[in-house]
Each structure stands twice: as C-alpha cells, then as structure tokens.
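K.L.:
Structure file structure18.tsv (TSV, C-alpha atoms) right here:
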chain	number	residue	atom	x	y	z
S	1	MET	CA	-52.46	51.82	-55.10
S	2	ALA	CA	-50.23	54.80	-55.82
S	3	ALA	CA	-49.91	56.03	-59.36
S	4	GLY	CA	-46.09	56.13	-59.13
S	5	PRO	CA	-43.69	53.76	-60.85
S	6	THR	CA	-43.60	50.25	-59.50
S	7	ARG	CA	-40.38	48.78	-58.23
S	8	PRO	CA	-38.97	45.63	-59.73
S	9	PRO	CA	-38.90	42.74	-57.29
S	10	ARG	CA	-35.67	42.33	-55.34
S	11	PRO	CA	-33.49	39.40	-56.32
S	12	ARG	CA	-33.52	36.76	-53.63
S	13	LYS	CA	-30.28	36.14	-51.81
S	14	GLU	CA	-29.00	32.63	-51.63
S	15	PRO	CA	-29.09	31.34	-48.09
S	16	GLN	CA	-25.57	31.21	-46.70
S	17	PRO	CA	-24.54	28.16	-44.73
S	18	LEU	CA	-23.92	28.79	-41.04
S	19	VAL	CA	-20.20	28.50	-40.39
S	20	ILE	CA	-18.88	28.78	-36.88
S	21	PRO	CA	-15.23	29.87	-36.86
S	22	ARG	CA	-13.00	27.65	-34.76
S	23	SER	CA	-10.02	30.00	-34.64
S	24	ALA	CA	-9.19	33.67	-35.02
S	25	ALA	CA	-7.64	33.05	-38.45
S	26	GLU	CA	-10.80	31.33	-39.68
S	27	GLU	CA	-12.93	34.19	-38.34
S	28	GLN	CA	-10.76	36.70	-40.19
S	29	ARG	CA	-10.97	34.60	-43.36
S	30	LEU	CA	-14.78	34.56	-43.16
S	31	LYS	CA	-14.90	38.34	-42.69
S	32	LEU	CA	-12.63	38.86	-45.71
S	33	GLU	CA	-14.75	36.52	-47.84
S	34	ARG	CA	-17.88	38.45	-46.88
S	35	LEU	CA	-16.19	41.76	-47.78
S	36	MET	CA	-14.93	40.43	-51.12
S	37	ARG	CA	-18.33	39.13	-52.23
S	38	ASN	CA	-19.26	42.69	-53.17
S	39	PRO	CA	-16.06	44.72	-53.72
S	40	ASP	CA	-18.00	47.81	-54.88
S	41	LYS	CA	-19.68	48.20	-51.51
S	42	THR	CA	-18.02	50.71	-49.19
S	43	VAL	CA	-16.45	49.28	-46.07
S	44	PRO	CA	-17.20	51.04	-42.81
S	45	ILE	CA	-13.91	51.86	-41.12
S	46	PRO	CA	-14.42	52.93	-37.52
S	47	GLU	CA	-12.70	56.14	-36.52
S	48	LYS	CA	-10.25	56.17	-33.65
S	49	LEU	CA	-12.00	57.01	-30.42
S	50	ASN	CA	-10.79	60.09	-28.61
S	51	GLU	CA	-8.90	59.47	-25.40
S	52	TRP	CA	-10.76	59.90	-22.18
S	53	ALA	CA	-10.23	63.30	-20.66
S	54	PRO	CA	-11.51	64.45	-17.28
S	55	ARG	CA	-14.10	67.15	-16.99
S	56	PRO	CA	-12.41	70.51	-16.58
S	57	PRO	CA	-12.74	72.02	-13.11
S	58	PRO	CA	-15.69	74.38	-12.73
S	59	GLU	CA	-14.97	78.07	-13.13
S	60	PHE	CA	-17.37	79.04	-10.38
S	61	VAL	CA	-17.97	76.70	-7.45
S	62	ARG	CA	-21.46	77.18	-6.04
S	63	ASP	CA	-21.52	74.90	-3.00
S	64	VAL	CA	-18.30	75.75	-1.24
S	65	MET	CA	-17.84	73.61	1.80
S	66	GLY	CA	-17.23	75.57	4.88
S	67	SER	CA	-15.39	74.52	7.98
S	68	SER	CA	-18.39	75.03	10.20
S	69	ALA	CA	-19.68	72.19	12.28
S	70	GLY	CA	-22.95	70.48	11.65
S	71	ALA	CA	-22.48	69.39	8.06
S	72	GLY	CA	-25.18	67.04	6.87
S	73	SER	CA	-24.71	63.33	6.36
S	74	GLY	CA	-24.68	63.72	2.54
S	75	GLU	CA	-21.85	66.24	2.53
S	76	PHE	CA	-19.20	63.57	3.03
S	77	HIS	CA	-20.24	61.78	-0.18
S	78	VAL	CA	-20.18	65.05	-2.12
S	79	TYR	CA	-16.68	65.74	-0.78
S	80	ARG	CA	-15.58	62.20	-1.59
S	81	HIS	CA	-16.74	62.51	-5.24
S	82	LEU	CA	-15.07	65.89	-5.66
S	83	ARG	CA	-11.84	64.55	-4.21
S	84	ARG	CA	-11.94	61.46	-6.45
S	85	ARG	CA	-12.57	63.61	-9.53
S	86	GLU	CA	-9.69	65.96	-8.65
S	87	TYR	CA	-7.30	63.02	-8.10
S	88	GLN	CA	-8.37	61.55	-11.46
S	89	ARG	CA	-7.70	64.87	-13.14
S	90	GLN	CA	-4.24	65.14	-11.56
S	91	ASP	CA	-3.38	61.54	-12.49
S	92	PHE	CA	-4.50	62.22	-16.06
S	93	MET	CA	-2.34	65.34	-16.26
S	94	ASP	CA	0.66	63.42	-14.88
S	95	ALA	CA	0.11	60.59	-17.38
S	96	MET	CA	-0.18	63.07	-20.27
S	97	ALA	CA	3.05	64.80	-19.20
S	98	GLU	CA	4.84	61.45	-19.00
S	99	LYS	CA	3.48	60.41	-22.38
S	100	GLN	CA	4.58	63.71	-23.93
S	101	LYS	CA	8.06	63.31	-22.41
S	102	LEU	CA	8.35	59.77	-23.79
S	103	ASP	CA	7.16	60.93	-27.22
S	104	GLU	CA	9.79	63.69	-27.27
S	105	GLU	CA	12.53	61.23	-26.26
S	106	TYR	CA	11.38	58.84	-28.95
S	107	GLN	CA	11.41	61.59	-31.60
S	108	LYS	CA	14.93	62.62	-30.52
S	109	LYS	CA	16.06	59.01	-30.73
S	110	LEU	CA	14.53	58.69	-34.22
S	111	GLU	CA	16.31	61.86	-35.36
S	112	LYS	CA	19.60	60.62	-33.92
S	113	ASN	CA	19.23	57.24	-35.63
S	114	LYS	CA	18.35	58.97	-38.88
S	115	THR	CA	21.43	61.21	-38.78
S	116	VAL	CA	23.67	58.24	-37.91
S	117	ALA	CA	22.21	56.26	-40.82
S	118	GLU	CA	22.69	59.21	-43.20
S	119	GLU	CA	26.31	59.59	-42.07
S	120	GLN	CA	26.91	55.87	-42.64
S	121	THR	CA	25.37	55.98	-46.11
S	122	ALA	CA	27.38	59.09	-46.98
S	123	LYS	CA	30.58	57.39	-45.81
S	124	ARG	CA	29.82	54.28	-47.85
S	125	ARG	CA	28.90	56.42	-50.85
S	126	ARG	CA	32.26	58.21	-50.63
S	127	LYS	CA	34.03	54.86	-50.40
S	128	ARG	CA	32.18	53.54	-53.47
S	129	GLN	CA	33.00	56.72	-55.41
S	130	LYS	CA	36.67	56.44	-54.44
S	131	LEU	CA	36.79	52.81	-55.63
S	132	LYS	CA	35.05	53.78	-58.87
S	133	GLU	CA	37.56	56.56	-59.52
S	134	LYS	CA	40.45	54.20	-58.73
S	135	LYS	CA	39.13	51.66	-61.21
S	136	LEU	CA	38.69	54.33	-63.87
S	137	LEU	CA	42.24	55.62	-63.33
S	138	ALA	CA	43.63	52.08	-63.47
S	139	LYS	CA	41.70	51.41	-66.66
S	140	LYS	CA	42.94	54.66	-68.24
S	141	SER	CA	46.56	53.99	-67.28
S	142	LYS	CA	46.28	50.44	-68.64
S	143	LEU	CA	44.94	51.76	-71.95
S	144	GLU	CA	47.75	54.34	-72.10
S	145	GLN	CA	50.36	51.63	-71.46
S	146	LYS	CA	48.87	49.51	-74.22
S	147	LYS	CA	48.98	52.46	-76.60
S	148	GLU	CA	52.62	53.17	-75.66
S	149	GLN	CA	53.53	49.50	-76.18
S	150	GLU	CA	51.82	49.47	-79.54
S	151	ALA	CA	53.66	52.65	-80.49
S	152	ASP	CA	56.97	51.14	-79.33
S	153	ASP	CA	56.24	47.90	-81.17
S	154	SER	CA	55.42	49.77	-84.35
S	155	ASP	CA	58.68	51.79	-84.00
S	156	SER	CA	60.79	48.68	-83.34
S	157	SER	CA	59.16	46.76	-86.20
S	158	GLN	CA	60.33	49.46	-88.60
S	159	LYS	CA	63.89	49.27	-87.29
S	160	LEU	CA	64.59	45.53	-86.93
S	161	PRO	CA	68.25	44.58	-86.32
S	162	THR	CA	69.83	41.98	-88.59
S	163	SER	CA	70.61	38.50	-87.31
S	164	GLU	CA	74.38	39.13	-87.37
S	165	GLU	CA	74.02	42.16	-85.11
S	166	GLU	CA	71.96	40.09	-82.67
S	167	GLU	CA	74.59	37.32	-82.58
S	168	ASP	CA	77.39	39.84	-81.92
S	169	ARG	CA	75.36	41.38	-79.11
S	170	ASP	CA	74.69	37.93	-77.55
S	171	ALA	CA	78.37	36.99	-77.76
S	172	SER	CA	79.53	40.19	-76.07
S	173	GLU	CA	76.99	39.65	-73.26
S	174	GLU	CA	78.26	36.09	-72.71
S	175	GLU	CA	81.84	37.35	-72.46
S	176	LYS	CA	80.84	39.90	-69.86
S	177	GLU	CA	79.18	37.14	-67.86
S	178	ASP	CA	82.31	34.96	-68.11
S	179	ASP	CA	84.48	37.79	-66.81
S	180	ALA	CA	82.25	38.14	-63.80
S	181	GLU	CA	82.70	34.48	-62.91
S	182	GLU	CA	86.50	34.59	-62.28
S	183	ALA	CA	87.51	32.95	-59.01
S	184	SER	CA	88.38	35.32	-56.26
S	185	PHE	CA	90.66	32.81	-54.55
S	186	VAL	CA	93.29	30.39	-55.72
S	187	MET	CA	92.72	26.71	-55.09
S	188	GLY	CA	95.42	24.30	-54.03
S	189	ARG	CA	97.45	26.43	-51.65
The structure in this file should be written as structure tokens.

P.N.:
Amino acid sequence: MAAGPTRPPRPRKEPQPLVIPRSAAEEQRLKLERLMRNPDKTVPIPEKLNEWAPRPPPEFVRDVMGSSAGAGSGEFHVYRHLRRREYQRQDFMDAMAEKQKLDEEYQKKLEKNKTVAEEQTAKRRRKRQKLKEKKLLAKKSKLEQKKEQEADDSDSSQKLPTSEEEEDRDASEEEKEDDAEEASFVMGR
C-alpha cells in the first residue's frame, strides 16, 4: 500500500425510490426537488447555442468548372452540392436581413411606446400638481377667511350695540318694508 494518507470511507447514499413522472409539471417538480437536496452544489446552466451560419465562400476556387464537353459523371453531383450550398447561404443572408429589419422596427416601436407613456405620465403629473396647488390655495384662502372672521368677531364683540338701538333699527326696517307693500292699483272701481 501507499504511504500516503488514507481516505475516510464515503457515506452511503440512501437509495431513492424510482418515480416515473406522469406529467410535465411532475417532471419539473422532481427536477427541482433533486436540485434543492443539495443547494450548495453548483447548477450547470447550458449556454445558448450559436445560430447556424453557412460556411463562407472560398476565397480561391481550385476546381473551376469549365464549359467544355466531356465532363465526368461525378461533376454533376459536385455542381449540385455547390449550388445547394450557395442557395443556403443566400437564404440565410435574406433571413438575417429580414430578422434585422424586424428587430429595428420592434426597437422603434418600443421607443415610440416609451415616449408616449412618458408623455402620458408627465401630463398626469402636471394635472396632479395643479390639483395639489388648487387645494393648497383653497386651504390658505379658507384659513385667511377664518382669521378675518375672527378679527371681525373680536372687533364687533368690543362694540356691541344696546338692545334699544337694535329695537329701533328693527322697527325702521319694518316700516320700510310696509312702505314697499302699498297697492299700485285701487280696488273697487
């Protein structure tokens, strides 16, 4: 045996019962339970695969096909593969251009929606501020009116008229009302 340190025996794992998931939700639940048994263990997250891209065209073509007669029987298959590869490359370029165009349109639409939303929020903010200011002004004017009333009440409480003066004033008002009620036409004619 080696003279190095000896390892302690590994703890035995408890055998897990075999559970066959009957639905996608149950399968997901089982995976989560397995991950949560040991939360310290790192979880492998697969990276996003790169999109397929065609091979770039060769910079120098060695077997150029000529237009001379007498091509061999294998030349047609070579031509067919080259043609298929070129069509794939063109289709890929067209798809990428379309995708880029759609992405740009989407970004423009997002920007437009964002500006519209910001305008709406600014408009509502202005409206809220205006209402707040109105309420504050109303509150201030109400307080000022109360202060004026209190000042008037305190002034009038110092200068209270006597009861005789009030009766004379009431009597003169009643007489003025009686004068106003004279008939404007004569009855019995």

K.L.:
Let me have the centre and edge lengths in Å, one decimal, of the box along x, y and z around every listed atom of range 91-109 of chain S with 6 Å of margin on each side, as AutoDock Vina command-line options.

P.N.:
--center_x 5.8 --center_y 62.1 --center_z -22.0 --size_x 32.6 --size_y 18.5 --size_z 31.1

K.L.:
Restricting the calculation to all atoms listed in the file: of S:Asp103, S:Glu75, S:Glu133, S:Asp91, which residue gets closest to Pro54 in chain S?

P.N.:
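Smallest separation from Pro54 in chain S among the options: S:Asp91.
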
K.L.:
Taking 4 positions as the minimum chain separation for residues in the same chain, which residues sit within 12 Å of Ile20 in chain S when counting all atoms listed in the file? Answer as a PyMOL selection string.

P.N.:
chain S and resi 24+26-31

K.L.:
May I have the residues from that selection written out with C-alpha atoms, as a short mmCIF file (atom, residue, chain, number, x, y, z; two decimals), in the coordinates of the input?

P.N.:
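Dumped to again.cif:
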data_model
loop_
_atom_site.label_atom_id
_atom_site.label_comp_id
_atom_site.auth_asym_id
_atom_site.auth_seq_id
_atom_site.Cartn_x
_atom_site.Cartn_y
_atom_site.Cartn_z
CA ALA S 24 -9.19 33.67 -35.02
CA GLU S 26 -10.80 31.33 -39.68
CA GLU S 27 -12.93 34.19 -38.34
CA GLN S 28 -10.76 36.70 -40.19
CA ARG S 29 -10.97 34.60 -43.36
CA LEU S 30 -14.78 34.56 -43.16
CA LYS S 31 -14.90 38.34 -42.69
#
